[in-house]
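Okay, structure first, notes after.
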Amino acid sequence: MDTQLEGTVALVTGASSGIGRAIALALVAQGARVVAGARRADRLTELVAEAGGAVTAVDLDVTDRGAVGRAVARTVAEHGRLDLLVNNAGLMLSGPIVGADPDEWERMVGTNLLGSMFVAHAALPHLLASRGTLVQVSSTSGRIASLGSGAYSATKFGVTAFAEALRQEVTAQGVRVVVVEPGFTATELTTHITDPAMRAMAASLGDSMRTLDPADIANAVVFAAAQPHHVSLNEILVRPTDQV
Ligand code: NDP
């Protein structure tokens with residue numbers, strides 16, 4: 001992968017809203033061609049319209065290994081290569097561990113952790129071929145566990161661990177692995193929380209500070225991906241200044 005993003009090919013998961021959408025747009029602004037994956041086709045259609053042709057939408061549920069394989073294959077079939085994977089798709093269903101609905105744990109592990117692993121696995125042969133870059137979106141919750149985020153934190157500690165093991169495996173072959181750990185970013189993420197008290201707590205935490213904008217995280221991804229190839233920015237923690 002060249003140090004410039006111009007002309008490179010990126011696959012961004014979870015690109016239909018929030019951070020993934022902002023990353024897709026930021027990469028396009030740098031001259032990359034982006035394949036944007038998610039489940040909500042209507043949102044991806046809006047993104048394609050906004051990006052003016054540099055984005056292709058792909059139907060992608062990261063928990064479905066068949067769909068993951070098809071999305072990666074389509075990226076390479078259409079563009080001939082894959083230089084950058086942004087493993088961003090995720091969901092946060094915060095709540096206490098005692099009395100939790102284990103279905104929510106399965107959804108988070110299936111999407112955040114296993115989903116990221118499936119996409120990495122499918123993309124790696126192509127990243128090895130291009131000496132490309134894998135960006136894994138983790139979280140501050142992938143560094144610090146806190147009350148109410150036990151299962152979510154477990155998935156984010158998990159992706160960070162997987163990424164570090166992968167880094168050790170492929171760095172000598174020229175594949176860079178970057179973990180980006182956002183703090184509180186204004187997106188739809190907290191709206192999916194089913195526990196009313198946790199959802200209210202997340203909303204009031206957001207109201208109490210100047211939260212990050214998804215574009216702030218996209219800036220960090222572009223900064224890491226655009227480094228000269230011998231520079232591997234392995235971990236970037238980005239918090240709002242107001243977040244304690
Ligand atoms: P959003 O809810 O706005 O975006 C989540 C994205 O993930 C959507 O595009 C959604 O698309 C996609 N997604 C969810 N499930 C799946 C699935 N099974 N297959 C494919 N795509 C899926 O939230 P954010 O932008 O905030 O979240 C993006 C990432 O950032 C997540 O990994 C999150 O954990 C992480 N993060 C966010 C923080 C924040 O404060 N917002 C802080 C730290 C980390 P669709 O539903 O269309 O499939």
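The way I read the labels, and the way they are meant: chains A, B, ... in the order of the structure tokens, residue 1 as the first residue of every chain, and ligand 1 as the first ligand shown, with later ones counted on from there.
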
Determine, using only C-alpha atoms and all ligand atoms, which residues of chain A have any atom at most 6 Å from an atom of ligand 1, and tabulate each with its shortest atom pair and distance in Å to one decimal place, rows ordered by chain and then rising number, as a tab-separated table.
residue	atom	partner	partner_atom_place_in_ligand_line	distance
A:Thr13	CA	ligand 1	21 (N)	5.9
A:Gly14	CA	ligand 1	9 (O)	3.3
A:Ala15	CA	ligand 1	9 (O)	4.5
A:Ser16	CA	ligand 1	9 (O)	3.9
A:Ser17	CA	ligand 1	9 (O)	4.3
A:Gly18	CA	ligand 1	25 (O)	3.4
A:Ile19	CA	ligand 1	25 (O)	3.7
A:Gly20	CA	ligand 1	25 (O)	5.7
A:Ala38	CA	ligand 1	48 (O)	4.0
A:Arg39	CA	ligand 1	48 (O)	3.5
A:Arg40	CA	ligand 1	47 (O)	3.7
A:Leu60	CA	ligand 1	20 (C)	5.3
A:Asp61	CA	ligand 1	19 (N)	3.4
A:Val62	CA	ligand 1	19 (N)	4.0
A:Thr63	CA	ligand 1	18 (N)	5.3
A:Asn88	CA	ligand 1	32 (O)	4.7
A:Ala89	CA	ligand 1	7 (O)	3.6
A:Gly90	CA	ligand 1	32 (O)	3.5
A:Leu91	CA	ligand 1	34 (O)	5.3
A:Met92	CA	ligand 1	34 (O)	6.0
A:Thr111	CA	ligand 1	18 (N)	5.1
A:Val137	CA	ligand 1	32 (O)	5.6
A:Ser138	CA	ligand 1	44 (C)	5.5
A:Ser139	CA	ligand 1	43 (C)	3.9
A:Pro182	CA	ligand 1	43 (C)	4.2
A:Gly183	CA	ligand 1	42 (C)	4.7
A:Phe184	CA	ligand 1	40 (O)	3.6
A:Thr185	CA	ligand 1	40 (O)	3.6
A:Ala186	CA	ligand 1	41 (N)	5.6
A:Thr187	CA	ligand 1	3 (O)	4.6
A:Glu188	CA	ligand 1	3 (O)	4.2
A:Leu189	CA	ligand 1	2 (O)	3.8

Original post:
Which neighbours of Ala41 of chain A fall inside 7 Å, counting only C-alpha atoms, when residues of the same chain fewer than 3 positions from it are skipped, and could you give them as a PyMOL selection string?
Top reply: chain A and resi 44-45+59

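Remark: for Leu134 of chain A, the closest of the candidate residues A:Val76, A:Leu11, A:Ala71, A:Ala197 is A:Leu11 (distances computed over only C-alpha atoms).
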
Output as CSV one row per residue of segment 85-130 of chain A within 12 Å of segment 224-237 of chain A: the closest atom pair and its distance in Å to one decimal place, counting only C-alpha atoms, sorted by chain and residue number ascending.
residue,atom,partner,partner_atom,distance
A:Leu85,CA,A:Ala225,CA,10.1
A:Val86,CA,A:Ala225,CA,10.1
A:Ser130,CA,A:His229,CA,11.5

Serialized selection, N, CA and C atoms, as a compact mmCIF listing (two decimals), in the first residue's frame:
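Dumped everything to again25.txt:
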# COMPACT_ATOMS: atom_id res chain seq x y z
N LEU A 85 -8.77 -2.39 5.39
CA LEU A 85 -10.01 -2.87 6.00
C LEU A 85 -10.26 -2.06 7.26
N VAL A 86 -11.44 -1.49 7.38
CA VAL A 86 -11.83 -0.83 8.63
C VAL A 86 -12.94 -1.66 9.25
N SER A 130 -1.47 -6.93 -0.75
CA SER A 130 -1.27 -5.48 -1.01
C SER A 130 -0.34 -4.84 0.02

**OP:** Using only C-alpha atoms, determine which residues lie at most 10 Å from segment 167-172 of chain A, disregarding the query and same-chain residues fewer than 5 positions distant; provide the list as a PyMOL selection string.
**Re:** chain A and resi 124+127-128+131+133-134+161-162+177-178+232+234

Selected residues written out, N, CA and C atoms, as a PDB file, in the first residue's frame:
ATOM      1  N   LEU A 124      -7.679 -10.959   5.028  1.00  0.00           N
ATOM      2  CA  LEU A 124      -6.220 -11.044   5.195  1.00  0.00           C
ATOM      3  C   LEU A 124      -5.430 -11.496   3.972  1.00  0.00           C
ATOM      4  N   LEU A 127      -5.026  -8.386   2.056  1.00  0.00           N
ATOM      5  CA  LEU A 127      -4.172  -7.400   2.733  1.00  0.00           C
ATOM      6  C   LEU A 127      -2.706  -7.837   2.685  1.00  0.00           C
ATOM      7  N   LEU A 128      -2.477  -9.134   2.753  1.00  0.00           N
ATOM      8  CA  LEU A 128      -1.097  -9.632   2.620  1.00  0.00           C
ATOM      9  C   LEU A 128      -0.579  -9.367   1.211  1.00  0.00           C
ATOM     10  N   ARG A 131       0.109  -5.613   1.022  1.00  0.00           N
ATOM     11  CA  ARG A 131       0.833  -5.044   2.175  1.00  0.00           C
ATOM     12  C   ARG A 131       0.003  -3.894   2.748  1.00  0.00           C
ATOM     13  N   THR A 133      -3.448  -2.416   5.291  1.00  0.00           N
ATOM     14  CA  THR A 133      -3.648  -1.985   6.677  1.00  0.00           C
ATOM     15  C   THR A 133      -5.011  -2.454   7.164  1.00  0.00           C
ATOM     16  N   LEU A 134      -5.033  -2.962   8.388  1.00  0.00           N
ATOM     17  CA  LEU A 134      -6.294  -3.321   9.046  1.00  0.00           C
ATOM     18  C   LEU A 134      -6.503  -2.365  10.212  1.00  0.00           C
ATOM     19  N   ALA A 161      -7.186  -7.703  21.795  1.00  0.00           N
ATOM     20  CA  ALA A 161      -6.280  -8.852  21.946  1.00  0.00           C
ATOM     21  C   ALA A 161      -6.054  -9.533  20.602  1.00  0.00           C
ATOM     22  N   PHE A 162      -7.128  -9.732  19.859  1.00  0.00           N
ATOM     23  CA  PHE A 162      -7.035 -10.391  18.552  1.00  0.00           C
ATOM     24  C   PHE A 162      -6.144  -9.570  17.621  1.00  0.00           C
ATOM     25  N   VAL A 177      -1.436  -3.214  11.532  1.00  0.00           N
ATOM     26  CA  VAL A 177      -2.672  -3.394  12.309  1.00  0.00           C
ATOM     27  C   VAL A 177      -2.787  -2.227  13.278  1.00  0.00           C
ATOM     28  N   VAL A 178      -3.909  -1.543  13.210  1.00  0.00           N
ATOM     29  CA  VAL A 178      -4.131  -0.319  13.978  1.00  0.00           C
ATOM     30  C   VAL A 178      -5.413  -0.491  14.799  1.00  0.00           C
ATOM     31  N   SER A 232       3.896   2.197  11.755  1.00  0.00           N
ATOM     32  CA  SER A 232       2.678   1.474  12.119  1.00  0.00           C
ATOM     33  C   SER A 232       2.137   2.052  13.419  1.00  0.00           C
ATOM     34  N   ASN A 234       0.000   1.710  16.034  1.00  0.00           N
ATOM     35  CA  ASN A 234      -0.754   0.520  16.432  1.00  0.00           C
ATOM     36  C   ASN A 234      -1.955   0.768  17.318  1.00  0.00           C
TER      37      ASN A 234
END

Original post:
Please, which residues of segment 86-128 of chain A, numbered as in this document, come out helix (DSSP H, G or I) from DSSP, as a list in words?
Top reply: Pro102, Asp103, Glu104, Trp105, Glu106, Arg107, Met108, Val109, Gly110, Thr111, Asn112, Leu113, Leu114, Gly115, Ser116, Met117, Phe118, Val119, Ala120, His121, Ala122, Ala123, Leu124, Pro125, His126, Leu127 and Leu128 of chain A

Got time to write the residues from that selection, N, CA and C atoms, as a PDB file, in the first residue's frame?
ATOM      1  N   PRO A 102     -28.969 -12.928  28.083  1.00  0.00           N
ATOM      2  CA  PRO A 102     -27.792 -13.460  27.381  1.00  0.00           C
ATOM      3  C   PRO A 102     -27.895 -13.358  25.860  1.00  0.00           C
ATOM      4  N   ASP A 103     -29.137 -13.187  25.340  1.00  0.00           N
ATOM      5  CA  ASP A 103     -29.272 -12.966  23.888  1.00  0.00           C
ATOM      6  C   ASP A 103     -28.516 -11.695  23.473  1.00  0.00           C
ATOM      7  N   GLU A 104     -28.539 -10.699  24.363  1.00  0.00           N
ATOM      8  CA  GLU A 104     -27.830  -9.452  24.043  1.00  0.00           C
ATOM      9  C   GLU A 104     -26.320  -9.683  24.032  1.00  0.00           C
ATOM     10  N   TRP A 105     -25.842 -10.532  24.948  1.00  0.00           N
ATOM     11  CA  TRP A 105     -24.410 -10.869  24.952  1.00  0.00           C
ATOM     12  C   TRP A 105     -24.037 -11.560  23.647  1.00  0.00           C
ATOM     13  N   GLU A 106     -24.922 -12.502  23.216  1.00  0.00           N
ATOM     14  CA  GLU A 106     -24.632 -13.221  21.961  1.00  0.00           C
ATOM     15  C   GLU A 106     -24.575 -12.257  20.785  1.00  0.00           C
ATOM     16  N   ARG A 107     -25.482 -11.303  20.767  1.00  0.00           N
ATOM     17  CA  ARG A 107     -25.474 -10.329  19.651  1.00  0.00           C
ATOM     18  C   ARG A 107     -24.185  -9.516  19.651  1.00  0.00           C
ATOM     19  N   MET A 108     -23.764  -9.072  20.843  1.00  0.00           N
ATOM     20  CA  MET A 108     -22.539  -8.248  20.909  1.00  0.00           C
ATOM     21  C   MET A 108     -21.293  -9.063  20.580  1.00  0.00           C
ATOM     22  N   VAL A 109     -21.194 -10.261  21.155  1.00  0.00           N
ATOM     23  CA  VAL A 109     -20.025 -11.100  20.842  1.00  0.00           C
ATOM     24  C   VAL A 109     -20.036 -11.457  19.358  1.00  0.00           C
ATOM     25  N   GLY A 110     -21.212 -11.802  18.847  1.00  0.00           N
ATOM     26  CA  GLY A 110     -21.331 -12.201  17.447  1.00  0.00           C
ATOM     27  C   GLY A 110     -20.962 -11.078  16.493  1.00  0.00           C
ATOM     28  N   THR A 111     -21.331  -9.857  16.840  1.00  0.00           N
ATOM     29  CA  THR A 111     -21.082  -8.722  15.944  1.00  0.00           C
ATOM     30  C   THR A 111     -19.703  -8.122  16.197  1.00  0.00           C
ATOM     31  N   ASN A 112     -19.473  -7.677  17.426  1.00  0.00           N
ATOM     32  CA  ASN A 112     -18.255  -6.899  17.715  1.00  0.00           C
ATOM     33  C   ASN A 112     -16.992  -7.758  17.632  1.00  0.00           C
ATOM     34  N   LEU A 113     -17.078  -8.941  18.218  1.00  0.00           N
ATOM     35  CA  LEU A 113     -15.868  -9.763  18.326  1.00  0.00           C
ATOM     36  C   LEU A 113     -15.768 -10.759  17.163  1.00  0.00           C
ATOM     37  N   LEU A 114     -16.719 -11.715  17.102  1.00  0.00           N
ATOM     38  CA  LEU A 114     -16.634 -12.724  16.044  1.00  0.00           C
ATOM     39  C   LEU A 114     -16.771 -12.092  14.663  1.00  0.00           C
ATOM     40  N   GLY A 115     -17.670 -11.109  14.539  1.00  0.00           N
ATOM     41  CA  GLY A 115     -17.859 -10.449  13.247  1.00  0.00           C
ATOM     42  C   GLY A 115     -16.564  -9.821  12.763  1.00  0.00           C
ATOM     43  N   SER A 116     -15.872  -9.122  13.663  1.00  0.00           N
ATOM     44  CA  SER A 116     -14.576  -8.517  13.300  1.00  0.00           C
ATOM     45  C   SER A 116     -13.570  -9.590  12.895  1.00  0.00           C
ATOM     46  N   MET A 117     -13.584 -10.701  13.636  1.00  0.00           N
ATOM     47  CA  MET A 117     -12.641 -11.791  13.325  1.00  0.00           C
ATOM     48  C   MET A 117     -12.948 -12.401  11.958  1.00  0.00           C
ATOM     49  N   PHE A 118     -14.232 -12.583  11.657  1.00  0.00           N
ATOM     50  CA  PHE A 118     -14.606 -13.158  10.352  1.00  0.00           C
ATOM     51  C   PHE A 118     -14.146 -12.248   9.213  1.00  0.00           C
ATOM     52  N   VAL A 119     -14.381 -10.941   9.364  1.00  0.00           N
ATOM     53  CA  VAL A 119     -14.023 -10.020   8.278  1.00  0.00           C
ATOM     54  C   VAL A 119     -12.500  -9.976   8.126  1.00  0.00           C
ATOM     55  N   ALA A 120     -11.791  -9.945   9.254  1.00  0.00           N
ATOM     56  CA  ALA A 120     -10.325  -9.951   9.184  1.00  0.00           C
ATOM     57  C   ALA A 120      -9.841 -11.207   8.463  1.00  0.00           C
ATOM     58  N   HIS A 121     -10.403 -12.340   8.835  1.00  0.00           N
ATOM     59  CA  HIS A 121      -9.992 -13.624   8.248  1.00  0.00           C
ATOM     60  C   HIS A 121     -10.194 -13.633   6.738  1.00  0.00           C
ATOM     61  N   ALA A 122     -11.337 -13.119   6.299  1.00  0.00           N
ATOM     62  CA  ALA A 122     -11.636 -13.118   4.857  1.00  0.00           C
ATOM     63  C   ALA A 122     -10.756 -12.111   4.106  1.00  0.00           C
ATOM     64  N   ALA A 123     -10.433 -11.006   4.774  1.00  0.00           N
ATOM     65  CA  ALA A 123      -9.695  -9.934   4.095  1.00  0.00           C
ATOM     66  C   ALA A 123      -8.183 -10.175   4.083  1.00  0.00           C
ATOM     67  N   LEU A 124      -7.679 -10.959   5.028  1.00  0.00           N
ATOM     68  CA  LEU A 124      -6.220 -11.044   5.195  1.00  0.00           C
ATOM     69  C   LEU A 124      -5.430 -11.496   3.972  1.00  0.00           C
ATOM     70  N   PRO A 125      -5.905 -12.486   3.212  1.00  0.00           N
ATOM     71  CA  PRO A 125      -5.111 -12.847   2.023  1.00  0.00           C
ATOM     72  C   PRO A 125      -4.898 -11.646   1.102  1.00  0.00           C
ATOM     73  N   HIS A 126      -5.904 -10.791   1.002  1.00  0.00           N
ATOM     74  CA  HIS A 126      -5.809  -9.634   0.114  1.00  0.00           C
ATOM     75  C   HIS A 126      -4.950  -8.530   0.742  1.00  0.00           C
ATOM     76  N   LEU A 127      -5.026  -8.386   2.056  1.00  0.00           N
ATOM     77  CA  LEU A 127      -4.172  -7.400   2.733  1.00  0.00           C
ATOM     78  C   LEU A 127      -2.706  -7.837   2.685  1.00  0.00           C
ATOM     79  N   LEU A 128      -2.477  -9.134   2.753  1.00  0.00           N
ATOM     80  CA  LEU A 128      -1.097  -9.632   2.620  1.00  0.00           C
ATOM     81  C   LEU A 128      -0.579  -9.367   1.211  1.00  0.00           C
TER      82      LEU A 128
END

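Backbone DSSP of segment 5-152 of chain A yields strand (DSSP E) at A:Val9, A:Ala10, A:Leu11, A:Val12, A:Thr13, A:Arg33, A:Val34, A:Val35, A:Ala36, A:Gly37, A:Ala38, A:Val55, A:Thr56, A:Ala57, A:Val58, A:Asp59, A:Leu84, A:Leu85, A:Val86, A:Asn87, A:Thr133, A:Leu134, A:Val135, A:Gln136, A:Val137.
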
**OP:** Please identify all polymer residues within 6 Å of segment 145-152 of chain A, counting only C-alpha atoms, omitting same-chain residues fewer than 6 positions from it, and present them as a ChimeraX atom specification.
**Re:** /A:92,94-96

Subject >> For atom CA of Val238 of chain A and atom CA of Val9 of chain A, the interatomic separation in Å (one decimal) >> reply: 25.0 Å

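Checking A:Asn219, A:Thr56, A:Thr241, A:Gln136 one by one against Arg176 of chain A, counting only C-alpha atoms, you find the shortest gap at A:Gln136.
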
Original post:
A:Ala54, A:Val34, A:Val68, A:Leu25: which is nearest Leu82 of chain A, counting only C-alpha atoms?
Top reply: A:Val34
